[in-house]
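Trainee: Hey, dropping data28.cif in here, mmCIF, C-alpha atoms:
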```cif
data_run
#
loop_
_atom_site.label_atom_id
_atom_site.label_comp_id
_atom_site.auth_asym_id
_atom_site.auth_seq_id
_atom_site.Cartn_x
_atom_site.Cartn_y
_atom_site.Cartn_z
CA MET K 836 119.33 65.70 125.99
CA ASN K 837 120.87 65.49 122.51
CA GLY K 838 117.75 66.94 120.99
CA LEU K 839 118.12 70.24 122.80
CA VAL K 840 121.34 71.38 121.15
CA THR K 841 122.65 69.97 117.88
CA GLY K 842 126.23 68.98 117.26
CA ASP K 843 126.81 72.25 115.41
CA ALA K 844 125.80 74.30 118.45
CA VAL K 845 122.50 75.37 116.87
CA VAL K 846 119.87 75.74 119.56
CA LEU K 847 116.52 74.45 118.44
CA GLY K 848 113.48 76.65 118.82
CA LEU K 849 115.13 80.03 118.31
CA ARG K 850 112.70 82.63 117.10
CA PRO K 851 112.35 82.77 113.31
CA ALA K 852 113.43 85.95 111.57
CA ARG K 853 110.62 88.16 110.37
CA LEU K 854 110.21 90.19 107.22
CA PRO K 855 111.84 93.51 108.30
CA SER K 856 115.13 91.96 109.43
CA ARG K 857 115.24 89.61 106.45
CA ALA K 858 114.52 92.44 104.00
CA LEU K 859 117.32 94.52 105.52
CA ALA K 860 119.74 91.61 105.25
CA ILE K 861 118.79 91.02 101.60
CA LEU K 862 119.23 94.70 100.76
CA LEU K 863 122.70 94.70 102.34
CA ASP K 864 123.65 91.58 100.39
CA LEU K 865 122.35 93.04 97.13
CA ALA K 866 124.26 96.26 97.68
CA VAL K 867 127.49 94.28 98.15
CA TYR K 868 126.82 92.02 95.17
CA VAL K 869 125.82 94.83 92.81
CA THR K 870 128.91 96.82 93.77
CA GLY K 871 131.06 93.80 93.07
CA TYR K 872 129.26 93.18 89.77
CA LEU K 873 129.87 96.75 88.60
CA LEU K 874 133.56 96.51 89.43
CA VAL K 875 133.91 93.18 87.64
CA LEU K 876 131.90 94.45 84.67
CA PHE K 877 134.11 97.51 84.33
CA ALA K 878 137.20 95.29 84.30
CA LEU K 879 135.60 92.98 81.72
CA VAL K 880 134.69 95.88 79.45
CA LEU K 881 138.31 96.91 79.36
CA ALA K 882 139.47 93.34 78.83
CA THR K 883 136.96 92.50 76.07
CA ALA K 884 137.14 95.76 74.14
CA GLY K 885 138.28 93.92 71.02
CA LEU K 886 135.31 91.49 70.95
CA ASP K 887 132.08 92.04 69.08
CA GLU K 888 128.83 93.12 70.75
CA ALA K 889 127.38 89.58 70.98
CA ALA K 890 130.44 88.28 72.82
CA GLN K 891 130.41 91.25 75.18
CA ALA K 892 126.71 90.69 75.91
CA ALA K 893 127.31 87.01 76.63
CA VAL K 894 130.16 87.84 78.98
CA SER K 895 128.00 90.43 80.76
CA VAL K 896 125.10 88.00 81.25
CA ALA K 897 127.42 85.24 82.49
CA THR K 898 129.05 87.67 84.91
CA LEU K 899 125.65 88.81 86.18
CA LEU K 900 124.52 85.24 86.87
CA LEU K 901 127.83 84.42 88.50
CA VAL K 902 127.82 87.41 90.84
CA LEU K 903 124.11 87.48 91.72
CA VAL K 904 123.51 83.71 91.85
CA GLY K 905 126.78 81.82 92.10
CA VAL K 906 128.43 84.05 94.71
CA PRO K 907 125.45 83.96 97.15
CA ILE K 908 125.30 80.18 96.88
CA ALA K 909 129.01 79.87 97.55
CA VAL K 910 128.88 82.32 100.47
CA GLU K 911 125.95 80.57 102.19
CA THR K 912 127.58 77.16 101.66
CA LEU K 913 130.98 78.15 103.01
CA THR K 914 129.62 80.16 105.96
CA HIS K 915 126.82 77.70 106.81
CA GLY K 916 124.06 80.22 106.21
CA ARG K 917 125.73 83.48 107.26
CA SER K 918 126.03 86.01 104.45
CA LEU K 919 127.31 89.52 105.06
CA GLY K 920 123.81 90.96 105.39
CA LYS K 921 122.62 88.19 107.67
CA LEU K 922 125.76 88.48 109.78
CA ALA K 923 125.14 92.22 110.20
CA CYS K 924 121.49 91.64 111.19
CA GLY K 925 122.20 88.65 113.45
CA LEU K 926 120.45 86.11 111.20
CA ARG K 927 121.36 82.65 109.97
CA VAL K 928 119.92 80.09 107.57
CA VAL K 929 119.53 76.61 109.08
CA ARG K 930 117.74 73.42 108.17
CA GLU K 931 114.29 72.74 109.59
CA ASP K 932 115.87 70.39 112.14
CA GLY K 933 118.27 73.13 113.27
CA GLY K 934 121.42 71.85 111.55
CA PRO K 935 123.67 73.83 109.19
CA ILE K 936 122.76 74.03 105.53
CA ARG K 937 124.70 72.32 102.75
CA PHE K 938 125.31 73.10 99.10
CA ARG K 939 121.99 71.68 97.93
CA HIS K 940 120.05 73.91 100.31
CA ALA K 941 121.96 77.00 99.23
CA MET K 942 121.56 76.09 95.56
CA VAL K 943 117.76 75.73 95.82
CA ARG K 944 117.51 79.00 97.76
CA GLY K 945 119.69 80.80 95.21
CA ALA K 946 117.80 79.43 92.19
CA MET K 947 114.43 80.36 93.68
CA GLY K 948 115.80 83.73 94.75
CA VAL K 949 116.32 84.70 91.11
CA VAL K 950 112.57 84.38 90.54
CA GLU K 951 111.10 85.65 93.81
CA LEU K 952 113.71 88.32 94.57
CA LEU K 953 115.24 89.58 91.32
CA MET K 954 112.60 89.04 88.63
CA THR K 955 109.64 90.11 90.77
CA PHE K 956 111.58 92.69 92.81
CA GLY K 957 110.90 90.79 96.03
CA THR K 958 107.10 90.79 95.72
CA VAL K 959 106.74 87.01 95.81
CA ALA K 960 109.23 86.68 98.67
CA CYS K 961 107.50 89.35 100.77
CA THR K 962 104.07 87.82 100.21
CA ALA K 963 105.25 84.32 101.10
CA SER K 964 107.07 85.57 104.19
CA LEU K 965 103.98 87.40 105.43
CA VAL K 966 101.73 84.39 104.86
CA SER K 967 104.12 81.83 106.37
CA GLU K 968 103.85 81.25 110.11
CA ARG K 969 107.64 81.18 110.47
CA GLY K 970 108.37 83.87 107.88
CA ARG K 971 109.70 81.53 105.19
CA ARG K 972 109.86 82.46 101.52
CA VAL K 973 109.31 80.06 98.64
CA GLY K 974 112.99 79.18 98.43
CA ASP K 975 113.01 78.18 102.09
CA VAL K 976 109.97 75.95 101.61
CA PHE K 977 111.53 74.08 98.67
CA ALA K 978 114.96 73.87 100.30
CA GLY K 979 113.64 72.84 103.72
CA THR K 980 115.38 75.73 105.47
CA LEU K 981 114.54 78.40 108.01
CA VAL K 982 116.05 81.80 108.75
CA ILE K 983 116.47 82.29 112.50
CA ARG K 984 117.58 85.10 114.74
CA GLU K 985 120.91 84.29 116.32
CA ARG K 986 121.12 87.54 118.27
CA VAL K 987 118.03 88.35 120.28
CA PRO K 988 117.91 91.97 121.53
CA GLY K 989 118.81 92.15 125.17
CA ALA K 990 119.97 88.52 125.32
CA ARG K 991 122.87 87.92 127.65
CA VAL K 992 124.01 85.38 130.17
CA MET K 993 121.42 85.55 132.94
CA PRO K 994 121.09 83.71 136.23
CA VAL K 995 118.40 81.12 136.70
CA PRO K 996 115.11 82.95 137.36
CA PRO K 997 113.62 82.39 140.82
CA PRO K 998 110.55 80.18 141.19
CA PRO K 999 107.13 81.61 142.01
CA PRO K 1000 106.79 82.50 145.71
CA TRP K 1001 104.16 79.84 146.29
CA LEU K 1002 106.66 77.15 145.21
CA ALA K 1003 109.59 78.30 147.37
CA GLY K 1004 110.60 75.52 149.78
CA ARG K 1005 107.96 73.11 148.54
CA PHE K 1006 110.54 70.54 147.41
CA ALA K 1007 112.71 70.58 150.52
CA GLY K 1008 112.34 66.83 150.98
CA LEU K 1009 113.04 65.90 147.36
CA ASP K 1010 115.96 63.51 146.77
CA LEU K 1011 118.16 65.15 144.12
CA SER K 1012 121.18 62.87 144.43
CA ALA K 1013 120.25 60.79 141.37
CA VAL K 1014 120.00 63.76 138.99
CA PRO K 1015 123.18 63.79 136.82
CA GLU K 1016 125.21 66.91 136.16
CA GLY K 1017 124.40 66.79 132.45
CA LEU K 1018 120.70 67.12 133.19
CA TRP K 1019 121.36 70.01 135.59
CA LEU K 1020 123.34 71.76 132.85
CA ALA K 1021 120.54 71.25 130.32
CA ILE K 1022 117.98 72.63 132.79
CA ARG K 1023 120.11 75.70 133.49
CA GLN K 1024 120.60 76.35 129.79
CA TYR K 1025 116.88 76.10 129.19
CA LEU K 1026 115.90 78.34 132.12
CA THR K 1027 118.41 81.04 131.22
CA ARG K 1028 117.34 81.10 127.56
CA MET K 1029 113.67 80.16 127.68
CA ASN K 1030 112.62 83.73 126.84
CA GLN K 1031 114.53 83.44 123.55
CA LEU K 1032 112.75 80.25 122.47
CA ASP K 1033 109.61 79.85 120.48
CA PRO K 1034 106.75 79.46 123.02
CA HIS K 1035 105.57 76.11 121.69
CA THR K 1036 109.07 74.65 121.43
CA GLY K 1037 109.96 76.00 124.88
CA ALA K 1038 106.92 74.34 126.43
CA VAL K 1039 107.83 71.00 124.83
CA MET K 1040 111.42 71.23 126.08
CA ALA K 1041 110.27 72.16 129.60
CA ALA K 1042 107.91 69.18 129.73
CA ARG K 1043 110.69 66.88 128.55
CA LEU K 1044 113.15 68.14 131.15
CA ALA K 1045 110.53 67.92 133.90
CA ASP K 1046 109.82 64.29 132.96
CA ASP K 1047 113.55 63.51 133.13
CA VAL K 1048 113.81 65.07 136.60
CA ALA K 1049 110.72 63.22 137.79
CA ALA K 1050 112.08 59.90 136.48
CA ARG K 1051 115.29 60.33 138.52
CA THR K 1052 113.76 61.72 141.70
CA GLY K 1053 110.64 59.56 141.76
CA ALA K 1054 108.43 62.59 142.40
CA PRO K 1055 106.58 64.11 139.44
CA ALA K 1056 105.57 67.72 139.28
CA PRO K 1057 102.47 68.50 141.38
CA PRO K 1058 99.23 68.80 139.42
CA GLY K 1059 98.64 72.28 138.12
CA VAL K 1060 102.28 73.34 138.35
CA PRO K 1061 103.79 74.38 134.96
CA ALA K 1062 106.84 72.45 133.89
CA ALA K 1063 109.03 75.58 133.75
CA ALA K 1064 108.00 76.62 137.27
CA PHE K 1065 108.72 73.10 138.52
CA LEU K 1066 112.22 73.25 137.03
CA MET K 1067 112.83 76.67 138.60
CA ALA K 1068 111.80 75.38 142.02
CA VAL K 1069 113.98 72.26 141.74
CA VAL K 1070 117.05 74.25 140.66
CA HIS K 1071 116.42 76.78 143.44
CA GLU K 1072 116.24 73.95 145.98
CA ARG K 1073 119.53 72.52 144.77
CA GLN K 1074 121.20 75.93 144.92
CA SER K 1075 119.91 76.42 148.46
CA ARG K 1076 121.36 73.08 149.54
CA ASP K 1077 124.70 73.82 147.92
CA ALA K 1078 124.81 77.21 149.63
CA ALA K 1079 123.95 75.65 153.00
CA ARG K 1080 126.78 73.13 152.64
CA ALA K 1081 129.24 75.76 151.47
CA PHE K 1082 128.53 78.21 154.28
CA ALA K 1083 128.13 75.66 157.08
CA ALA K 1084 130.12 76.39 160.26
CA ALA K 1085 133.57 74.85 159.94
CA PRO K 1086 135.44 73.48 163.05
CA ALA K 1087 137.84 75.91 164.68
CA PRO K 1088 141.47 75.34 163.69
CA ALA K 1089 143.90 73.92 166.25
CA PRO K 1090 146.07 76.51 168.05
CA LEU K 1091 149.59 76.88 166.80
CA ALA K 1092 152.58 76.81 169.10
CA TYR K 1093 155.70 78.86 168.68
CA GLY K 1094 157.25 77.96 165.34
CA GLY K 1095 153.96 77.10 163.62
CA MET K 1096 153.61 73.52 164.91
CA PRO K 1097 150.04 72.52 165.84
CA VAL K 1098 149.32 71.63 169.43
CA ALA K 1099 146.99 68.75 170.24
CA PRO K 1100 143.91 69.87 172.19
CA SER K 1101 144.52 67.29 174.98
CA ALA K 1102 148.15 68.24 175.51
CA ALA K 1103 148.95 70.23 178.64
CA PRO K 1104 150.02 73.79 178.10
CA PRO K 1105 153.77 74.27 178.28
CA ALA K 1106 155.26 75.43 181.58
CA PRO K 1107 156.12 79.08 181.76
CA VAL K 1108 159.72 79.85 181.06
CA GLN K 1109 161.56 81.36 184.05
CA PRO K 1110 163.38 84.54 183.23
CA ALA K 1111 167.14 84.23 183.14
CA GLN K 1112 169.11 85.59 186.12
CA PRO K 1113 171.06 88.72 185.37
CA VAL K 1114 174.76 88.12 184.87
CA GLN K 1115 176.98 89.81 187.48
CA PRO K 1116 179.79 91.84 186.04
CA ALA K 1117 183.20 90.21 186.35
CA GLN K 1118 185.71 91.62 188.89
CA PRO K 1119 188.73 93.32 187.39
CA VAL K 1120 191.82 91.12 187.34
CA ARG K 1121 194.82 92.56 189.22
CA PRO K 1122 198.10 92.26 187.41
CA ALA K 1123 200.61 89.83 189.01
CA ALA K 1124 203.80 91.11 190.65
CA PRO K 1125 206.82 91.03 188.44
CA VAL K 1126 209.17 88.11 189.02
CA GLU K 1127 212.82 88.92 189.36
CA PRO K 1128 215.06 86.87 187.14
CA ALA K 1129 217.36 84.28 188.84
CA PRO K 1130 221.09 84.97 188.83
CA PRO K 1131 223.06 83.06 186.34
CA ALA K 1132 224.91 79.93 187.51
CA THR K 1133 228.72 80.51 187.83
CA GLY K 1134 229.83 77.51 189.93
CA PHE K 1135 230.76 79.75 192.97
CA ALA K 1136 229.34 78.64 196.33
CA PRO K 1137 229.07 81.27 199.10
CA PRO K 1138 230.70 80.55 202.46
CA ALA K 1139 228.65 79.02 205.21
#
```
Just give me the structure as structure tokens.
Mentor:
Amino acid sequence: MNGLVTGDAVVLGLRPARLPSRALAILLDLAVYVTGYLLVLFALVLATAGLDEAAQAAVSVATLLLVLVGVPIAVETLTHGRSLGKLACGLRVVREDGGPIRFRHAMVRGAMGVVELLMTFGTVACTASLVSERGRRVGDVFAGTLVIRERVPGARVMPVPPPPPWLAGRFAGLDLSAVPEGLWLAIRQYLTRMNQLDPHTGAVMAARLADDVAARTGAPAPPGVPAAAFLMAVVHERQSRDAARAFAAAPAPAPLAYGGMPVAPSAAPPAPVQPAQPVQPAQPVRPAAPVEPAPPATGFAPPA
């Protein structure tokens, strides 16, 4: 699976950039570089006003080479193939194996660009790009690079396309338990982006993924079934099984008694609570008769 996506997140097999988009990116880059050169040249003219004409000419030529050759090389090296024009057009320069370019690649492209872009006004570059199968100019051939389209019109995150109707349900008995999650992820990434890949590279990747699935399930693709259609059908079967497990009927929850405590199904229902008897109103309490105080003791005894 490591061959599908490089460590720098460059997907192999992306469609090469063609002449119109590359020409627009180069024109944008040249406009930026020429504007910067004129600004720097104006500042140098003011700074070298006291020098003779030969020194001023040497400074002008050195500045021209620095801005039109050195700056593009530095920009492509630091941005890994994304200049301002290429960034605006959704392009990027990569190696032939899909990895990011280094300084040597940018230097060869820049040196060859002086001849095929500046000296010949782009004639050599346009001719080479039209003749090349992948739209490469001479600098790309010598540097071993390729300009690809990072942004494909209309490309967005899409669901896995459904399989052909005649393949629906054909792999219901296939054992998918041995297929790892990493392989499922690679298959999904391929199926959702297969329309953005070069047809030949996409077919090779589909055959490789189909062989990996067949090696883990023990059932190869039926004869006459394209590898991409086989992958669609297998992914659709897995999604159907996952949906069936997710939406299966769940057991009913146990009833809850008063207070939120669960009640066991075998337990007898609680006896009904008898209503409380009404409380009779209390009888009013009569006040007690007043008690007369006893006479004080004087020591006198009455006669018998």
Trainee: Spell out the residues picked by the PyMOL selection byres ((chain K and resi 905) around 12) here, as a ChimeraX atom specification.
Mentor: /K:868,872,897-904,906-912,938,941-946,948-949
Trainee: Do you have the atom CA of Leu965 of chain K-atom CA of Val867 of chain K distance handy?
Mentor: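 That distance, rounded to one decimal, is 25.6 Å.
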Trainee: What lies within 10 Å of Arg853 of chain K using all atoms listed in the file, ignoring chain neighbours under 5 positions off, as a list in words?
Mentor: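 The residues satisfying every condition are Ala858, Ser964, Leu965, Ser967, Glu968, Arg969, Gly970, Arg971, Val982, Ile983 and Arg984 of chain K.
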Trainee: Using all atoms listed in the file, what table do you get, as CSV, when you list each residue of segment 893-951 of chain K with an atom no more than 7 Å from segment 859-863 of chain K, its nearest pair of atoms, and their distance in Å rounded to one decimal, rows by chain then rising number?
Mentor:
```
residue,atom,partner,partner_atom,distance
K:Gly920,CA,K:Ala860,CA,4.1
K:Lys921,CA,K:Ala860,CA,5.1
K:Cys924,CA,K:Ala860,CA,6.2
```
Trainee: Starting from the PyMOL selection byres ((chain K and resi 1055) around 12), expand the selection into actual residues of this file and give them as an MDAnalysis selection string.
Mentor: chainID K and resid 1006 1009:1010 1042:1054 1056:1062 1065:1066 1069
Trainee: Find the spatial neighbours of Arg930 of chain K, counting only C-alpha atoms, within a cut-off of 8 Å - ignore same-chain residues fewer than 4 positions away - and output them as an mmCIF file with C-alpha atoms, in the frame of the given file.
Mentor:
```cif
data_model
loop_
_atom_site.group_PDB
_atom_site.id
_atom_site.type_symbol
_atom_site.label_atom_id
_atom_site.label_comp_id
_atom_site.auth_asym_id
_atom_site.auth_seq_id
_atom_site.Cartn_x
_atom_site.Cartn_y
_atom_site.Cartn_z
ATOM 1 C CA GLY K 934 121.420 71.850 111.550
ATOM 2 C CA PRO K 935 123.670 73.830 109.190
ATOM 3 C CA ILE K 936 122.760 74.030 105.530
ATOM 4 C CA GLY K 979 113.640 72.840 103.720
ATOM 5 C CA THR K 980 115.380 75.730 105.470
ATOM 6 C CA LEU K 981 114.540 78.400 108.010
#
```
Trainee: In Å, rounded to a single decimal, give me how far atom CA of Leu874 of chain K is from atom CA of Gly925 of chain K.
Mentor: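 Computing it gives 27.7 Å between the two atoms.
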Trainee: Grab the atom CA of Val875 of chain K to atom CA of Ser856 of chain K distance for me, in Å with one decimal place.
Mentor: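 Separating atom CA of Val875 of chain K from atom CA of Ser856 of chain K is a distance of 28.8 Å.
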Trainee: Evaluating the PyMOL selection byres ((chain K and resi 973) around 8) on the displayed file yields which residues, as a PyMOL selection string?
Mentor: chain K and resi 947+951+959-960+963+971-972+974-977
Trainee: Would you list the residues near (109.6, 80.0, 137.4), meaning any protein, DNA or RNA residue with an atom at most 6 Å from that point in file coordinates, counting all atoms listed in the file, as a PDB file with C-alpha atoms, keeping the file's coordinate frame?
Mentor:
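Here's the written file point29.pdb:
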```pdb
ATOM      1  CA  PRO K 997     113.620  82.390 140.820  1.00  0.00           C
ATOM      2  CA  PRO K 998     110.550  80.180 141.190  1.00  0.00           C
ATOM      3  CA  PRO K 999     107.130  81.610 142.010  1.00  0.00           C
ATOM      4  CA  ALA K1063     109.030  75.580 133.750  1.00  0.00           C
ATOM      5  CA  ALA K1064     108.000  76.620 137.270  1.00  0.00           C
ATOM      6  CA  MET K1067     112.830  76.670 138.600  1.00  0.00           C
TER       7      MET K1067
END
```
Trainee: Between K:Ala1079, K:Val928, K:Ala889, K:Leu1020, which has the minimum distance to Ala852 of chain K (counting only C-alpha atoms)?
Mentor: K:Val928
